[in-house]
>>> print(open('model_16.pdb').read())   # PDB, C-alpha atoms and all ligand atoms
ATOM      1  CA  MET I   1      52.520  -0.490 -57.712
ATOM      2  CA  LYS I   2      54.598  -0.182 -60.910
ATOM      3  CA  ARG I   3      55.955  -3.269 -62.605
ATOM      4  CA  LEU I   4      59.603  -3.817 -63.574
ATOM      5  CA  ALA I   5      61.321  -6.316 -65.850
ATOM      6  CA  VAL I   6      65.088  -6.706 -65.462
ATOM      7  CA  LEU I   7      67.265  -8.075 -68.279
ATOM      8  CA  LEU I   8      70.749  -9.256 -67.345
ATOM      9  CA  ALA I   9      73.466 -11.784 -68.050
ATOM     10  CA  GLY I  10      75.755 -11.587 -65.038
ATOM     11  CA  SER I  11      75.937 -11.571 -61.277
ATOM     12  CA  GLY I  12      72.941  -9.283 -60.858
ATOM     13  CA  THR I  13      74.240  -6.911 -58.196
ATOM     14  CA  ASN I  14      72.211  -4.133 -59.832
ATOM     15  CA  LEU I  15      69.128  -6.352 -59.763
ATOM     16  CA  GLN I  16      69.845  -6.844 -56.058
ATOM     17  CA  ALA I  17      69.996  -3.067 -55.563
ATOM     18  CA  LEU I  18      66.518  -2.803 -57.094
ATOM     19  CA  LEU I  19      65.165  -5.674 -54.994
ATOM     20  CA  ASP I  20      66.639  -4.101 -51.854
ATOM     21  CA  SER I  21      65.173  -0.708 -52.660
ATOM     22  CA  GLU I  22      61.656  -2.110 -53.159
ATOM     23  CA  ALA I  23      61.259  -2.200 -49.396
ATOM     24  CA  ALA I  24      62.810   1.264 -49.108
ATOM     25  CA  GLY I  25      60.178   3.108 -51.100
ATOM     26  CA  LEU I  26      60.895   2.327 -54.759
ATOM     27  CA  ASP I  27      57.152   1.968 -55.285
ATOM     28  CA  ALA I  28      57.798  -0.662 -57.963
ATOM     29  CA  ARG I  29      58.274  -4.417 -57.979
ATOM     30  CA  VAL I  30      60.552  -6.570 -60.119
ATOM     31  CA  GLU I  31      58.080  -8.978 -61.734
ATOM     32  CA  VAL I  32      60.387 -10.877 -64.065
ATOM     33  CA  VAL I  33      64.116 -11.323 -64.604
ATOM     34  CA  VAL I  34      65.385 -12.506 -67.986
ATOM     35  CA  SER I  35      68.907 -13.626 -68.856
ATOM     36  CA  HIS I  36      70.443 -14.653 -72.161
ATOM     37  CA  ARG I  37      72.970 -16.680 -70.142
ATOM     38  CA  ALA I  38      71.605 -19.767 -68.450
ATOM     39  CA  ASP I  39      74.225 -19.638 -65.676
ATOM     40  CA  ALA I  40      73.834 -15.949 -64.770
ATOM     41  CA  TYR I  41      73.824 -15.625 -60.988
ATOM     42  CA  GLY I  42      71.209 -12.884 -61.416
ATOM     43  CA  LEU I  43      68.665 -15.641 -62.153
ATOM     44  CA  GLU I  44      69.449 -17.208 -58.759
ATOM     45  CA  ARG I  45      68.986 -13.865 -57.040
ATOM     46  CA  ALA I  46      65.588 -13.532 -58.716
ATOM     47  CA  LYS I  47      64.517 -17.006 -57.603
ATOM     48  CA  ASN I  48      65.779 -16.379 -54.065
ATOM     49  CA  ALA I  49      63.554 -13.304 -53.960
ATOM     50  CA  GLY I  50      60.596 -15.355 -55.215
ATOM     51  CA  ARG I  51      60.485 -13.707 -58.655
ATOM     52  CA  THR I  52      60.007 -15.239 -62.081
ATOM     53  CA  ALA I  53      63.419 -16.000 -63.586
ATOM     54  CA  VAL I  54      63.665 -16.933 -67.258
ATOM     55  CA  TYR I  55      66.595 -17.976 -69.410
ATOM     56  CA  VAL I  56      66.038 -16.824 -72.995
ATOM     57  CA  PRO I  57      68.557 -17.815 -75.687
ATOM     58  CA  PHE I  58      69.413 -14.719 -77.687
ATOM     59  CA  ALA I  59      71.679 -14.666 -80.751
ATOM     60  CA  GLY I  60      74.549 -12.220 -81.092
ATOM     61  CA  ARG I  61      75.028  -9.746 -83.937
ATOM     62  CA  ALA I  62      76.655 -12.402 -86.132
ATOM     63  CA  ASP I  63      73.312 -14.152 -86.646
ATOM     64  CA  PRO I  64      70.761 -11.462 -87.668
ATOM     65  CA  ALA I  65      68.062 -13.909 -88.840
ATOM     66  CA  ARG I  66      67.991 -15.755 -85.518
ATOM     67  CA  ARG I  67      68.179 -12.468 -83.623
ATOM     68  CA  MET I  68      64.902 -11.268 -85.194
ATOM     69  CA  GLY I  69      63.108 -14.369 -83.937
ATOM     70  CA  ASP I  70      64.768 -14.047 -80.539
ATOM     71  CA  GLU I  71      63.690 -10.400 -80.285
ATOM     72  CA  ARG I  72      60.086 -11.295 -81.117
ATOM     73  CA  ARG I  73      60.045 -14.014 -78.475
ATOM     74  CA  LEU I  74      61.586 -11.696 -75.900
ATOM     75  CA  ALA I  75      59.004  -8.959 -76.618
ATOM     76  CA  ARG I  76      56.140 -11.466 -76.303
ATOM     77  CA  LEU I  77      57.505 -12.768 -73.019
ATOM     78  CA  LEU I  78      57.871  -9.268 -71.581
ATOM     79  CA  ASP I  79      54.444  -8.162 -72.852
ATOM     80  CA  ALA I  80      52.904 -10.952 -70.799
ATOM     81  CA  PHE I  81      54.277  -9.303 -67.638
ATOM     82  CA  GLU I  82      53.024  -5.812 -68.631
ATOM     83  CA  PRO I  83      56.143  -3.993 -67.397
ATOM     84  CA  ASP I  84      55.992  -0.230 -66.850
ATOM     85  CA  LEU I  85      59.773  -0.178 -67.245
ATOM     86  CA  ILE I  86      62.415  -2.578 -68.566
ATOM     87  CA  VAL I  87      65.823  -2.278 -66.913
ATOM     88  CA  LEU I  88      68.898  -3.526 -68.780
ATOM     89  CA  ALA I  89      71.304  -4.342 -65.958
ATOM     90  CA  GLY I  90      74.144  -6.243 -67.556
ATOM     91  CA  TRP I  91      72.202  -7.463 -70.614
ATOM     92  CA  MET I  92      74.957  -7.999 -73.199
ATOM     93  CA  ARG I  93      72.970  -8.162 -76.453
ATOM     94  CA  VAL I  94      72.184  -5.205 -78.707
ATOM     95  CA  LEU I  95      68.429  -4.632 -79.077
ATOM     96  CA  SER I  96      67.207  -3.229 -82.391
ATOM     97  CA  GLY I  97      65.467   0.112 -82.894
ATOM     98  CA  GLU I  98      62.269  -1.755 -83.865
ATOM     99  CA  TRP I  99      62.371  -3.751 -80.646
ATOM    100  CA  LEU I 100      62.939  -0.609 -78.571
ATOM    101  CA  GLU I 101      60.047   1.171 -80.326
ATOM    102  CA  HIS I 102      57.768  -1.546 -79.012
ATOM    103  CA  PHE I 103      58.487  -0.131 -75.515
ATOM    104  CA  PRO I 104      58.796   3.647 -76.060
ATOM    105  CA  ASN I 105      60.525   5.486 -73.170
ATOM    106  CA  ARG I 106      60.336   2.249 -71.237
ATOM    107  CA  VAL I 107      63.819   0.745 -71.595
ATOM    108  CA  ILE I 108      66.721   2.014 -69.481
ATOM    109  CA  ASN I 109      70.305   0.779 -69.225
ATOM    110  CA  VAL I 110      73.069   1.036 -66.642
ATOM    111  CA  HIS I 111      76.581   1.628 -67.962
ATOM    112  CA  PRO I 112      79.899   1.740 -66.067
ATOM    113  CA  ALA I 113      81.157   5.089 -67.446
ATOM    114  CA  LEU I 114      80.027   8.669 -67.936
ATOM    115  CA  LEU I 115      77.886   9.245 -71.030
ATOM    116  CA  PRO I 116      76.988  12.582 -72.630
ATOM    117  CA  GLY I 117      73.401  11.673 -73.489
ATOM    118  CA  ASP I 118      73.502  13.256 -76.936
ATOM    119  CA  GLY I 119      75.429  10.486 -78.670
ATOM    120  CA  SER I 120      78.604  12.573 -78.987
ATOM    121  CA  ASP I 121      82.049  11.184 -78.188
ATOM    122  CA  VAL I 122      82.933  13.776 -75.555
ATOM    123  CA  VAL I 123      81.426  14.130 -72.083
ATOM    124  CA  SER I 124      81.633  17.109 -69.685
ATOM    125  CA  THR I 125      83.289  16.255 -66.387
ATOM    126  CA  SER I 126      84.689  18.282 -63.518
ATOM    127  CA  PHE I 127      88.101  17.642 -65.162
ATOM    128  CA  GLY I 128      86.862  19.260 -68.368
ATOM    129  CA  PRO I 129      85.619  17.547 -71.557
ATOM    130  CA  ARG I 130      86.753  13.899 -71.759
ATOM    131  CA  PRO I 131      86.393  11.018 -74.237
ATOM    132  CA  VAL I 132      83.391   8.703 -73.793
ATOM    133  CA  PHE I 133      83.893   5.007 -72.982
ATOM    134  CA  ARG I 134      81.127   2.902 -74.509
ATOM    135  CA  GLY I 135      80.830  -0.845 -74.939
ATOM    136  CA  ALA I 136      81.581  -3.925 -72.880
ATOM    137  CA  HIS I 137      85.051  -2.849 -71.685
ATOM    138  CA  ALA I 138      84.364   0.682 -70.504
ATOM    139  CA  VAL I 139      86.194   0.260 -67.181
ATOM    140  CA  ARG I 140      89.313  -1.247 -68.769
ATOM    141  CA  ASP I 141      89.254   1.386 -71.534
ATOM    142  CA  ALA I 142      89.098   4.266 -69.027
ATOM    143  CA  LEU I 143      92.178   2.890 -67.228
ATOM    144  CA  LYS I 144      94.041   2.271 -70.480
ATOM    145  CA  ALA I 145      93.352   5.845 -71.581
ATOM    146  CA  ASN I 146      94.801   7.178 -68.294
ATOM    147  CA  ALA I 147      91.567   9.077 -67.753
ATOM    148  CA  PRO I 148      91.434  11.040 -64.479
ATOM    149  CA  VAL I 149      87.757  10.318 -64.044
ATOM    150  CA  THR I 150      85.066   7.904 -65.165
ATOM    151  CA  GLY I 151      81.715   7.091 -63.602
ATOM    152  CA  ALA I 152      78.379   5.369 -63.887
ATOM    153  CA  SER I 153      75.306   6.300 -65.928
ATOM    154  CA  VAL I 154      71.697   5.247 -66.232
ATOM    155  CA  HIS I 155      70.199   6.205 -69.573
ATOM    156  CA  TYR I 156      67.372   5.462 -71.982
ATOM    157  CA  ALA I 157      68.337   2.693 -74.377
ATOM    158  CA  THR I 158      68.569   3.557 -78.076
ATOM    159  CA  ALA I 159      69.497   1.422 -81.081
ATOM    160  CA  ARG I 160      73.060   2.701 -80.793
ATOM    161  CA  PRO I 161      74.396   1.140 -77.570
ATOM    162  CA  ASP I 162      75.329   3.443 -74.680
ATOM    163  CA  ALA I 163      74.265   6.561 -76.570
ATOM    164  CA  GLY I 164      70.772   7.428 -75.298
ATOM    165  CA  PRO I 165      69.566  10.326 -73.114
ATOM    166  CA  VAL I 166      71.007  10.183 -69.594
ATOM    167  CA  ILE I 167      68.693  10.034 -66.587
ATOM    168  CA  LEU I 168      71.434  10.195 -63.955
ATOM    169  CA  SER I 169      75.200   9.836 -63.941
ATOM    170  CA  GLU I 170      77.890  10.283 -61.336
ATOM    171  CA  GLU I 171      81.633  10.707 -61.501
ATOM    172  CA  VAL I 172      84.124   8.230 -60.040
ATOM    173  CA  VAL I 173      87.664   9.603 -59.782
ATOM    174  CA  ILE I 174      90.365   7.160 -60.916
ATOM    175  CA  ARG I 175      93.145   6.611 -58.366
ATOM    176  CA  PRO I 176      96.786   6.102 -59.421
ATOM    177  CA  ASP I 177      96.847   2.589 -57.895
ATOM    178  CA  ASP I 178      93.488   1.482 -59.321
ATOM    179  CA  THR I 179      93.202  -1.914 -60.986
ATOM    180  CA  GLU I 180      90.256  -2.797 -63.224
ATOM    181  CA  HIS I 181      88.810  -4.689 -60.261
ATOM    182  CA  SER I 182      89.175  -1.924 -57.657
ATOM    183  CA  LEU I 183      87.823   0.715 -60.032
ATOM    184  CA  TYR I 184      84.871  -1.451 -61.094
ATOM    185  CA  GLU I 185      84.017  -2.110 -57.440
ATOM    186  CA  ARG I 186      83.732   1.648 -56.759
ATOM    187  CA  ILE I 187      81.744   2.185 -59.959
ATOM    188  CA  LYS I 188      79.324  -0.596 -58.995
ATOM    189  CA  ARG I 189      78.719   0.987 -55.615
ATOM    190  CA  VAL I 190      77.684   4.156 -57.457
ATOM    191  CA  GLU I 191      75.525   2.161 -59.901
ATOM    192  CA  HIS I 192      73.685   0.547 -57.003
ATOM    193  CA  ARG I 193      72.834   3.986 -55.648
ATOM    194  CA  LEU I 194      71.942   5.574 -59.000
ATOM    195  CA  LEU I 195      69.857   2.768 -60.492
ATOM    196  CA  PRO I 196      66.957   2.784 -57.992
ATOM    197  CA  ARG I 197      66.849   6.607 -58.150
ATOM    198  CA  ALA I 198      66.892   6.680 -61.945
ATOM    199  CA  THR I 199      64.299   3.895 -62.107
ATOM    200  CA  ARG I 200      61.986   5.931 -59.945
ATOM    201  CA  MET I 201      62.571   9.031 -62.082
ATOM    202  CA  ALA I 202      61.794   7.084 -65.272
ATOM    203  CA  LEU I 203      58.605   5.704 -63.725
ATOM    204  CA  VAL I 204      57.375   9.012 -62.340
ATOM    205  CA  GLN I 205      58.341  11.173 -65.310
ATOM    206  CA  PRO I 206      59.201   9.112 -68.396
ATOM    207  CA  GLY I 207      61.719  10.896 -70.602
ATOM    208  CA  GLN I 208      63.171  13.080 -67.823
ATOM    209  CA  VAL I 209      66.936  13.569 -68.299
ATOM    210  CA  THR I 210      69.936  15.194 -66.574
ATOM    211  CA  THR I 211      72.750  16.586 -68.707
ATOM    212  CA  THR I 212      75.549  16.923 -66.135
ATOM    213  CA  PRO I 213      77.085  14.146 -64.023
ATOM    214  CA  LEU I 214      76.884  14.302 -60.246
ATOM    215  CA  ASN I 215      80.124  14.982 -58.428
ATOM    216  CA  GLU I 216      81.416  11.958 -56.498
ATOM    217  CA  ARG I 217      82.311  13.955 -53.363
ATOM    218  CA  THR I 218      79.569  16.530 -53.134
ATOM    219  CA  GLY I 219      76.678  14.787 -54.889
ATOM    220  CA  ALA I 220      76.059  18.146 -56.609
ATOM    221  CA  LEU I 221      76.118  18.568 -60.372
ATOM    222  CA  ALA I 222      79.732  18.461 -61.565
ATOM    223  CA  LEU I 223      80.525  21.437 -63.757
ATOM    224  CA  ALA I 224      83.413  21.414 -66.216
ATOM    225  CA  GLY I 225      86.457  23.038 -64.616
ATOM    226  CA  GLY I 226      84.713  23.250 -61.259
ATOM    227  CA  ARG I 227      87.271  21.328 -59.198
TER     228      ARG I 227
HETATM  229  C1  LIG H 301      77.111  -3.270 -64.591
HETATM  230  O1  LIG H 301      78.368  -2.790 -64.276
HETATM  231  C2  LIG H 301      76.495  -2.464 -65.710
HETATM  232  O2  LIG H 301      76.993  -1.160 -65.757
HETATM  233  C3  LIG H 301      76.912  -3.208 -66.945
HETATM  234  O3  LIG H 301      76.845  -4.556 -66.555
HETATM  235  C4  LIG H 301      77.178  -4.662 -65.191
HETATM  236  C5  LIG H 301      76.209  -5.609 -64.537
HETATM  237  O4  LIG H 301      76.650  -5.938 -63.248
HETATM  238  N1  LIG H 301      76.044  -2.887 -68.064
HETATM  239  P1  LIG H 301      75.749  -6.774 -62.262
HETATM  240  O5  LIG H 301      75.414  -8.093 -62.955
HETATM  241  O6  LIG H 301      74.536  -5.974 -61.944
HETATM  242  O7  LIG H 301      76.611  -7.004 -61.056
END
>>> encode(input="model_16.pdb", output="structure tokens", more="lines below")
Ligand code: GRF
Amino acid sequence: MKRLAVLLAGSGTNLQALLDSEAAGLDARVEVVVSHRADAYGLERAKNAGRTAVYVPFAGRADPARRMGDERRLARLLDAFEPDLIVLAGWMRVLSGEWLEHFPNRVINVHPALLPGDGSDVVSTSFGPRPVFRGAHAVRDALKANAPVTGASVHYATARPDAGPVILSEEVVIRPDDTEHSLYERIKRVEHRLLPRATRMALVQPGQVTTTPLNERTGALALAGGR
């Protein structure tokens, strides 16, 4: 049985999707859940499932000296659990390239938008090439930009946030009456489906990537201009 560590800071619905899929053939177990927010509901979910839940203070970018110490402590903590894969599921702190190199091909992240996987600022969609929405406000930014489509992605983490190779992504079409809340709800439903699949892919074949998002309606690969 493979071992997972989940890093989060929020409600932990993606953690829940992993916990739920354990029984449905994930062939991996969440061994430890770490949050840099003490009040993250994800920690409660972990405890309710009988898993180790740890609050770890972690400095933001404004305090680089403290961050280095925090990164070392976090790596030591995770090493003790010998994770085959570390899943960032709402972890809101940037992790350095040195930290990521300590876990090569073993850190994946879920992001609420389509990502190109090659670090560029344009992503292929079934509505043609579209700007990429990175960062903490990707859902709001997609709405503000009047984008016709956004999505969800699971990708390998790199030192540049939301820029690593994509394991799986899927389109979510934006409706004219969408609010940030309604759109995020649909994106999360997709995340909950993609994350267990992508986790399994990363465990079975580390480094495996997909370059085209899945189409929301058909589940097939979405090709630019193919609508
Ligand atoms: C997800 O939408 C993920 O894409 C983003 O953080 C959110 C975490 O949500 N990185 P939850 O805590 O799993 O509900």
>>> closest_residue(input="model_16.pdb", among="I:Pro129, I:Gly119, I:Pro57, I:Gly42", to="ligand LIG 301 (chain H)", atoms="all atoms listed in the file")
I:Gly42
>>> residues_near_ligand(input="model_16.pdb", ligand="ligand LIG 301 (chain H)", cutoff="10 Å", atoms="only C-alpha atoms and all ligand atoms", output="ChimeraX atom specification")
/I:7-18,40-42,88-92,109-113,135-139,151-154,162,184-185,187-192,195
>>> residues_around(input="model_16.pdb", residues="Gly60 of chain I", least_positions_apart="2", cutoff="10 Å", atoms="all atoms listed in the file", output="VMD selection string")
chain I and resid 57 to 58 62 to 64 66 to 67 70 92 to 95
>>> axis_aligned_box(input="model_16.pdb", around="segment 51-69 of chain I", padding_each_side="8 Å", output="JSON")
{"center_x": 68.3, "center_y": -13.9, "center_z": -73.7, "size_x": 32.6, "size_y": 24.2, "size_z": 46.2}
>>> resolve_selection(input="model_16.pdb", expression="the PyMOL selection byres (((chain I and resi 26) around 12) and not hetatm)", output="PyMOL selection string")
chain I and resi 1-4+17-25+27-30+195-204
>>> write_last_selection(input="model_16.pdb", atoms="C-alpha atoms", output="PDB file, in the frame of the given file")
ATOM      1  CA  MET I   1      52.520  -0.490 -57.712  1.00  0.00           C
ATOM      2  CA  LYS I   2      54.598  -0.182 -60.910  1.00  0.00           C
ATOM      3  CA  ARG I   3      55.955  -3.269 -62.605  1.00  0.00           C
ATOM      4  CA  LEU I   4      59.603  -3.817 -63.574  1.00  0.00           C
ATOM      5  CA  ALA I  17      69.996  -3.067 -55.563  1.00  0.00           C
ATOM      6  CA  LEU I  18      66.518  -2.803 -57.094  1.00  0.00           C
ATOM      7  CA  LEU I  19      65.165  -5.674 -54.994  1.00  0.00           C
ATOM      8  CA  ASP I  20      66.639  -4.101 -51.854  1.00  0.00           C
ATOM      9  CA  SER I  21      65.173  -0.708 -52.660  1.00  0.00           C
ATOM     10  CA  GLU I  22      61.656  -2.110 -53.159  1.00  0.00           C
ATOM     11  CA  ALA I  23      61.259  -2.200 -49.396  1.00  0.00           C
ATOM     12  CA  ALA I  24      62.810   1.264 -49.108  1.00  0.00           C
ATOM     13  CA  GLY I  25      60.178   3.108 -51.100  1.00  0.00           C
ATOM     14  CA  ASP I  27      57.152   1.968 -55.285  1.00  0.00           C
ATOM     15  CA  ALA I  28      57.798  -0.662 -57.963  1.00  0.00           C
ATOM     16  CA  ARG I  29      58.274  -4.417 -57.979  1.00  0.00           C
ATOM     17  CA  VAL I  30      60.552  -6.570 -60.119  1.00  0.00           C
ATOM     18  CA  LEU I 195      69.857   2.768 -60.492  1.00  0.00           C
ATOM     19  CA  PRO I 196      66.957   2.784 -57.992  1.00  0.00           C
ATOM     20  CA  ARG I 197      66.849   6.607 -58.150  1.00  0.00           C
ATOM     21  CA  ALA I 198      66.892   6.680 -61.945  1.00  0.00           C
ATOM     22  CA  THR I 199      64.299   3.895 -62.107  1.00  0.00           C
ATOM     23  CA  ARG I 200      61.986   5.931 -59.945  1.00  0.00           C
ATOM     24  CA  MET I 201      62.571   9.031 -62.082  1.00  0.00           C
ATOM     25  CA  ALA I 202      61.794   7.084 -65.272  1.00  0.00           C
ATOM     26  CA  LEU I 203      58.605   5.704 -63.725  1.00  0.00           C
ATOM     27  CA  VAL I 204      57.375   9.012 -62.340  1.00  0.00           C
TER      28      VAL I 204
END
>>> atom_distance(input="model_16.pdb", atom1="atom CA of Arg140 of chain I", atom2="atom CA of Ala46 of chain I")
28.5 Å
>>> resolve_selection(input="model_16.pdb", expression="the PyMOL selection byres (((chain I and resi 83) around 9) and not hetatm)", output="list in words")
Lys2, Arg3, Leu4, Ala5, Val30, Glu31, Val32, Leu78, Asp79, Ala80, Phe81, Glu82, Asp84, Leu85, Ile86 and Arg106 of chain I
>>> atom_distance(input="model_16.pdb", atom1="atom CA of Ile174 of chain I", atom2="atom CA of Val87 of chain I")
27.0 Å
>>> atom_distance(input="model_16.pdb", atom1="atom CA of Val122 of chain I", atom2="atom CA of Asn105 of chain I")
24.0 Å
>>> resolve_selection(input="model_16.pdb", expression="the PyMOL selection byres (((chain I and resi 215) around 12) and not hetatm)", output="ChimeraX atom specification")
/I:114,124-127,149-152,168-173,190,212-214,216-227
>>> write_last_selection(input="model_16.pdb", atoms="C-alpha atoms", output="compact mmCIF listing (two decimals), keeping the file's coordinate frame")
# COMPACT_ATOMS: atom_id res chain seq x y z
CA LEU I 114 80.03 8.67 -67.94
CA SER I 124 81.63 17.11 -69.68
CA THR I 125 83.29 16.26 -66.39
CA SER I 126 84.69 18.28 -63.52
CA PHE I 127 88.10 17.64 -65.16
CA VAL I 149 87.76 10.32 -64.04
CA THR I 150 85.07 7.90 -65.17
CA GLY I 151 81.72 7.09 -63.60
CA ALA I 152 78.38 5.37 -63.89
CA LEU I 168 71.43 10.20 -63.96
CA SER I 169 75.20 9.84 -63.94
CA GLU I 170 77.89 10.28 -61.34
CA GLU I 171 81.63 10.71 -61.50
CA VAL I 172 84.12 8.23 -60.04
CA VAL I 173 87.66 9.60 -59.78
CA VAL I 190 77.68 4.16 -57.46
CA THR I 212 75.55 16.92 -66.14
CA PRO I 213 77.08 14.15 -64.02
CA LEU I 214 76.88 14.30 -60.25
CA GLU I 216 81.42 11.96 -56.50
CA ARG I 217 82.31 13.96 -53.36
CA THR I 218 79.57 16.53 -53.13
CA GLY I 219 76.68 14.79 -54.89
CA ALA I 220 76.06 18.15 -56.61
CA LEU I 221 76.12 18.57 -60.37
CA ALA I 222 79.73 18.46 -61.56
CA LEU I 223 80.53 21.44 -63.76
CA ALA I 224 83.41 21.41 -66.22
CA GLY I 225 86.46 23.04 -64.62
CA GLY I 226 84.71 23.25 -61.26
CA ARG I 227 87.27 21.33 -59.20
>>> closest_residue(input="model_16.pdb", among="I:Ala142, I:Leu194, I:Leu115, I:Val132", to="Glu180 of chain I", atoms="only C-alpha atoms")
I:Ala142
>>> residues_around(input="model_16.pdb", residues="Gly117 of chain I", least_positions_apart="5", cutoff="8 Å", atoms="all atoms listed in the file", output="number ranges by chain")
I: 155, 163-166, 211
>>> write_last_selection(input="model_16.pdb", atoms="C-alpha atoms", output="PDB file, in the frame of the given file")
ATOM      1  CA  HIS I 155      70.199   6.205 -69.573  1.00  0.00           C
ATOM      2  CA  ALA I 163      74.265   6.561 -76.570  1.00  0.00           C
ATOM      3  CA  GLY I 164      70.772   7.428 -75.298  1.00  0.00           C
ATOM      4  CA  PRO I 165      69.566  10.326 -73.114  1.00  0.00           C
ATOM      5  CA  VAL I 166      71.007  10.183 -69.594  1.00  0.00           C
ATOM      6  CA  THR I 211      72.750  16.586 -68.707  1.00  0.00           C
TER       7      THR I 211
END
>>> residues_near_point(input="model_16.pdb", point="(98.4, 1.8, -70.0)", cutoff="12 Å", atoms="all atoms listed in the file", output="list of chain:residue names")
I:Arg140, I:Asp141, I:Ala142, I:Leu143, I:Lys144, I:Ala145, I:Asn146, I:Ala147, I:Pro176, I:Asp178, I:Thr179, I:Glu180
